[in-house]
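The structure appears right after this line, and notes come after that.
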Amino acid sequence: MHNDALLEQPNQFQWPRVEGGEARLAQLLEVLPVAAYMCDTEGLITYFNEHARQLWGRTPKLNDPADRFCGSFKQFATDGMPISHSQCCMALALQTGNQFNGHEVILERPDGTRVTVLAHVNPLRDEFGKVASAMNILIDISDRKRAEQAQSQLAAIVESSADAIIGTSLDGRIASWNAGAERLYGYTAEEAIGATLLLIIPPDRMDEERSILNRVRDGERVENLETQRVRKDGQQIDISLTVSPILNHLGQIIGASKIARDITERKRADKAQITLKDELASQLADLRRLHEMSIRLATTLEFHPLLDEILGVATTVEGSDMGLLSLSDPALDGLRVGASVGFDEGYLKGIEFVASGSGACGMCFQEHRRIIIEDIDTDPAFEPYRDSARAAGIKAIHSTPLITRSGKLIGVLSTHFKQKHRPNDREIHLCNLCARQAVDFIENARLYAELRLADQRKDEFLATLAHELRNPLAPLSNSLQILAMSKDLSPTVVGVREIMERQVTHMVRLVDDLLEVSRITRGNIDLRQEPVALSTVLASAVEISRPVIDGCLHQLNVSLPSEPLILDADACRLAQVFANLINNAAKYTPEGGKIWVSARREGPHAVVSVRDSGLGIPADMLHRIFDMFAQVDRTRRRAQGGLGIGLTLAKRLVEMHAGQIEARSPGLGLGSEFLVRLPLSTRPVEESEASSIPITPAEVRPISPRRVLVVDDTRAAAYILGKLLEAMGQQVQIADSAATAMQLARSERPDLIISDISMPNIDGYEFARMLRREPGLESLPLVAITGYGEEQDRQRTKEAGFDYHLVKPVSVSKLQELLASLPAYR
């Protein structure tokens, strides 16, 4: 009998009657494909076949009391409880004479492995009907039990899975539907099984489903396909789908297993993450634009380029089509356009001035708050302005007030759109940031413009002051120079002339210092640096200051090191520095005082000390002694006082040489000391090779007599200059206006014209242009003499037609040098 038959009908098993006794039965059992053994009434094993030995994993001894009832040492019930040999099926059958068919027992082999069997025990009786022995047929069902267990576990896994697991036929009909499918799709197993997949597939995904089934038919596995399905309630969900072919026992594809995982939340999170990433990227880009705008704006204080930059960034971060940056006009209570983007000139002319309360910008200006016009066609507040807005192609407006930190409204930043638009929180935030930066930079630019205007006016004032001071100084200086040429002056007159000459020279130096500080402040001075000996610079400074020192009867002590100290410097400018310091010491030291000038090396630097026994500096003044116009005490001795700019000039020039200057003083009445530290030259230059400063005037060449026309509306100045020229052997004519000068030039044909610039009616510039247009006079040497001496002043006279430019008061040596350089005409 086949094993399966025994399994299917265990309780109906009937032992056959075998003729010939137990020997014939043993022969039969040997050929059976099952384990079989027999025991006598004492339980001793009298027979077992090969299958039984293999099942037990050992070979028991026949008729051995150690092996009673079973060849396996250990037996267990299906619940795992041990079964003693005296209670096994064989023992019970021998004791009771009953059959025990189909009992499931677990046997343990000597190596510890276990097998599950079905025991079929039947007693064998003798001719008297008495139990003589019993036979046990053991059928190994381990593989089946394992399969059942695996199937049971698989079913449990499928049922408990969070994923939806569906089995379908190849035509898409649903054959199985787990609890996960019920949860995911909303249909019960009763509703789904037997239906087709049309139950859950959206219409637009049918082609995709057919493609999946075709791939399954070809034996292909579809993994992690992201697609969509429809729930019972109509909600569309995102799933990740894996589809595998189902095979029968012959390896034929009979269906498809589908595992679906709900990824709706993940997709939503992915989409949110992408949106957030895009948003953050957009914000980062906007912030980068704002940062770059800040950097660019920080490099310029030019007003209109600044406004254009701010508006360009605002329209970019908001994605607007057009924009306006309007500035408040307090005098007219409204706004004026400062910058625009996207508007044509015709429209801009119409909104050049926006009154308070007019349109979105005007309302923003009037109410000091943000104005948003989402749609000009539906916003009632914008009704009066719709036509003009439509003409410009405007559909929406966003206006942001520009309010300073002190609460003052200085303008409106407005973005305009061609489509309906309402700014979101990000756009509003970015506009606020842009507006805040705009306010700061606009205020800075305005302040810079005001400072630049003030600086320009200061320069103009200083230039005018210098001109106005030089004009009266010129005849005084020239008069003194004429007296100096006279040889029959009494000693008293000579003394008075020398005093007046020193005071005029001092006045000229004050004027020059004023203009020099102005030039340095504007960065209009270029140093001509070359190797120069410090001893040469100090000798020049002492020579410049000698008249002041001698005039105050001071004792000057100069101490220089034996080693040469070579600087990379502008020798003239450094001489100016030390002359200012020596003059300062002389001015603030009582008559008969002492001044010490010394130099020494300190490492890679040269240190110069200018010390005096004078009035000293109070401690509270030391930190600002180099400030412009700073003076120690205006009530003290002022005979040699100045404007308080000499030390400022010295400090600026020292710093231009990469040096430092320091003031020291023990206190009032105890003198003061100024220390200048300058870097030594790193180039190996001998002192004899270094540049020197000429301190004696160059030899003047002979002067040829000429006819000179002097033009000046100030008669005293013209008269004195004429006398000075006559003293130099020149023939002089004087004109007090440009018109008179033109007549004399035409009639007398002079060899040289020296003309003032600032004259009424026709000034010197126009006079020069008239001369250059006059036939025969176009190449006549023409000299400008003026109180204006800046570079732009010299350029202007050159462009007007002048050949030379002299600054009042003109020294005799300058005038002699000019006359000597001109070619002889007569």
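Identifiers in the structure tokens: chain A, B, ... in order shown; residue index from 1 per chain; ligand index from 1 in order shown.
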
Which neighbours of Ala658 (chain A) fall inside 9 Å, counting only C-alpha atoms, when residues of the same chain fewer than 2 positions from it are skipped, and could you give them as a list of chain:residue names? A:Val654, A:Glu655, A:Met656, A:Gln660, A:Arg677, A:Leu678, A:Pro679

Write the residues of the preceding selection, restricted to C-alpha atoms, as a CSV table (one decimal), in the first residue's frame.
```csv
chain,number,residue,atom,x,y,z
A,654,VAL,CA,54.9,111.6,7.7
A,655,GLU,CA,52.2,109.0,7.4
A,656,MET,CA,52.5,109.2,3.6
A,660,GLN,CA,54.8,107.9,12.7
A,677,ARG,CA,60.0,107.7,13.1
A,678,LEU,CA,60.7,106.9,9.4
A,679,PRO,CA,61.7,103.6,7.7
```

Pull the strand (DSSP E) assignments for region 57-173 of chain A out of DSSP run on the backbone, and list those residues as a PyMOL selection string. chain A and resi 74-76+82-83+100-108+114-125+131-140+164-169

Could you pull the residues within 12 Å of region 490-498 of chain A, counting only C-alpha atoms, minus those fewer than 2 positions along the same chain, as a PyMOL selection string? chain A and resi 476-488+500-505+547+551

Given the selection you just returned, output its residues as a file containing all heavy atoms, formatted as a short mmCIF file (atom, residue, chain, number, x, y, z; two decimals), in the first residue's frame.
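This went into out.cif:
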```cif
data_model
loop_
_atom_site.label_atom_id
_atom_site.label_comp_id
_atom_site.auth_asym_id
_atom_site.auth_seq_id
_atom_site.Cartn_x
_atom_site.Cartn_y
_atom_site.Cartn_z
N LEU A 476 52.44 144.29 -1.68
CA LEU A 476 53.31 144.46 -0.53
C LEU A 476 54.65 143.78 -0.77
O LEU A 476 55.72 144.36 -0.54
CB LEU A 476 52.65 143.88 0.73
CG LEU A 476 51.50 144.66 1.34
CD1 LEU A 476 50.88 143.89 2.50
CD2 LEU A 476 52.02 146.02 1.86
N SER A 477 54.58 142.52 -1.23
CA SER A 477 55.80 141.76 -1.47
C SER A 477 56.64 142.42 -2.55
O SER A 477 57.87 142.55 -2.43
CB SER A 477 55.44 140.33 -1.87
OG SER A 477 56.59 139.60 -2.18
N ASN A 478 55.97 142.84 -3.63
CA ASN A 478 56.71 143.47 -4.72
C ASN A 478 57.34 144.79 -4.28
O ASN A 478 58.46 145.13 -4.69
CB ASN A 478 55.79 143.71 -5.91
CG ASN A 478 55.38 142.40 -6.58
OD1 ASN A 478 56.04 141.39 -6.41
ND2 ASN A 478 54.27 142.43 -7.31
N SER A 479 56.61 145.55 -3.44
CA SER A 479 57.16 146.82 -2.92
C SER A 479 58.41 146.57 -2.10
O SER A 479 59.41 147.30 -2.22
CB SER A 479 56.11 147.54 -2.08
OG SER A 479 54.97 147.86 -2.85
N LEU A 480 58.35 145.53 -1.26
CA LEU A 480 59.52 145.22 -0.43
C LEU A 480 60.69 144.77 -1.29
O LEU A 480 61.85 145.06 -0.98
CB LEU A 480 59.16 144.12 0.58
CG LEU A 480 58.15 144.53 1.67
CD1 LEU A 480 57.71 143.33 2.49
CD2 LEU A 480 58.77 145.59 2.60
N GLN A 481 60.40 144.06 -2.38
CA GLN A 481 61.48 143.61 -3.26
C GLN A 481 62.10 144.80 -4.00
O GLN A 481 63.31 144.83 -4.27
CB GLN A 481 60.94 142.57 -4.24
CG GLN A 481 60.57 141.26 -3.54
CD GLN A 481 60.08 140.19 -4.50
OE1 GLN A 481 60.88 139.61 -5.21
NE2 GLN A 481 58.79 139.96 -4.49
N ILE A 482 61.25 145.79 -4.34
CA ILE A 482 61.80 147.01 -4.96
C ILE A 482 62.72 147.72 -3.99
O ILE A 482 63.82 148.18 -4.36
CB ILE A 482 60.65 147.93 -5.41
CG1 ILE A 482 59.89 147.29 -6.57
CG2 ILE A 482 61.18 149.31 -5.83
CD1 ILE A 482 58.62 148.03 -6.94
N LEU A 483 62.27 147.81 -2.71
CA LEU A 483 63.12 148.45 -1.70
C LEU A 483 64.43 147.69 -1.53
O LEU A 483 65.49 148.28 -1.31
CB LEU A 483 62.38 148.52 -0.36
CG LEU A 483 61.22 149.51 -0.28
CD1 LEU A 483 60.50 149.39 1.06
CD2 LEU A 483 61.73 150.96 -0.46
N ALA A 484 64.35 146.35 -1.62
CA ALA A 484 65.56 145.56 -1.44
C ALA A 484 66.58 145.83 -2.54
O ALA A 484 67.79 145.65 -2.36
CB ALA A 484 65.20 144.07 -1.42
N MET A 485 66.09 146.28 -3.72
CA MET A 485 67.00 146.60 -4.82
C MET A 485 67.64 147.97 -4.66
O MET A 485 68.61 148.28 -5.36
CB MET A 485 66.23 146.54 -6.15
CG MET A 485 65.73 145.15 -6.51
SD MET A 485 64.77 145.20 -8.06
CE MET A 485 64.32 143.48 -8.22
N SER A 486 67.07 148.77 -3.76
CA SER A 486 67.64 150.12 -3.55
C SER A 486 68.88 150.02 -2.68
O SER A 486 68.91 149.25 -1.71
CB SER A 486 66.59 151.03 -2.88
OG SER A 486 65.45 151.13 -3.71
N LYS A 487 69.88 150.85 -2.97
CA LYS A 487 71.14 150.76 -2.24
C LYS A 487 71.35 151.97 -1.32
O LYS A 487 72.36 152.04 -0.62
CB LYS A 487 72.30 150.68 -3.22
CG LYS A 487 72.24 149.42 -4.10
CD LYS A 487 73.39 149.36 -5.07
CE LYS A 487 73.30 148.10 -5.95
NZ LYS A 487 74.41 148.02 -6.93
N ASP A 488 70.43 152.92 -1.30
CA ASP A 488 70.63 154.13 -0.50
C ASP A 488 69.64 154.23 0.65
O ASP A 488 69.21 155.31 1.04
CB ASP A 488 70.52 155.37 -1.38
CG ASP A 488 69.20 155.39 -2.15
OD1 ASP A 488 68.47 154.35 -2.10
OD2 ASP A 488 68.89 156.41 -2.77
N MET A 500 58.98 143.69 7.79
CA MET A 500 57.80 143.55 6.93
C MET A 500 57.94 142.34 5.99
O MET A 500 56.98 141.60 5.74
CB MET A 500 57.61 144.84 6.10
CG MET A 500 57.19 146.05 6.93
SD MET A 500 56.98 147.52 5.91
CE MET A 500 55.58 147.02 4.92
N GLU A 501 59.17 142.11 5.50
CA GLU A 501 59.38 140.99 4.58
C GLU A 501 59.13 139.65 5.30
O GLU A 501 58.54 138.73 4.74
CB GLU A 501 60.80 141.04 4.02
CG GLU A 501 61.02 140.06 2.88
CD GLU A 501 62.34 140.28 2.16
OE1 GLU A 501 63.19 141.03 2.69
OE2 GLU A 501 62.50 139.72 1.08
N ARG A 502 59.61 139.57 6.59
CA ARG A 502 59.37 138.34 7.34
C ARG A 502 57.89 138.10 7.56
O ARG A 502 57.39 136.97 7.45
CB ARG A 502 60.11 138.40 8.69
CG ARG A 502 61.59 138.13 8.59
CD ARG A 502 62.17 137.78 9.95
NE ARG A 502 62.03 138.87 10.90
CZ ARG A 502 62.93 139.85 11.06
NH1 ARG A 502 64.03 139.87 10.31
NH2 ARG A 502 62.74 140.79 11.97
N GLN A 503 57.14 139.16 7.87
CA GLN A 503 55.72 138.99 8.12
C GLN A 503 54.95 138.63 6.84
O GLN A 503 54.04 137.81 6.86
CB GLN A 503 55.14 140.29 8.72
CG GLN A 503 55.71 140.64 10.08
CD GLN A 503 55.55 139.51 11.08
OE1 GLN A 503 54.48 138.94 11.21
NE2 GLN A 503 56.65 139.19 11.78
N VAL A 504 55.33 139.23 5.73
CA VAL A 504 54.69 138.88 4.45
C VAL A 504 55.00 137.43 4.10
O VAL A 504 54.13 136.67 3.66
CB VAL A 504 55.15 139.83 3.33
CG1 VAL A 504 54.72 139.30 1.96
CG2 VAL A 504 54.58 141.23 3.55
N THR A 505 56.27 137.02 4.30
CA THR A 505 56.65 135.62 4.03
C THR A 505 55.85 134.67 4.91
O THR A 505 55.41 133.60 4.47
CB THR A 505 58.15 135.43 4.27
OG1 THR A 505 58.88 136.32 3.42
CG2 THR A 505 58.57 133.99 4.00
N PRO A 547 65.20 132.07 9.51
CA PRO A 547 64.71 133.43 9.81
C PRO A 547 63.83 133.48 11.06
O PRO A 547 63.90 134.44 11.84
CB PRO A 547 63.90 133.80 8.56
CG PRO A 547 64.50 132.97 7.47
CD PRO A 547 64.87 131.68 8.12
N GLY A 551 64.92 135.40 14.37
CA GLY A 551 64.03 136.48 14.78
C GLY A 551 63.60 136.37 16.22
O GLY A 551 63.28 137.37 16.87
#
```

Just checking: using only C-alpha atoms, which residue out of A:Ser811, A:Gln87, A:Asn136, A:Ser406 ends up closest to Pro475 (chain A)? A:Ser811
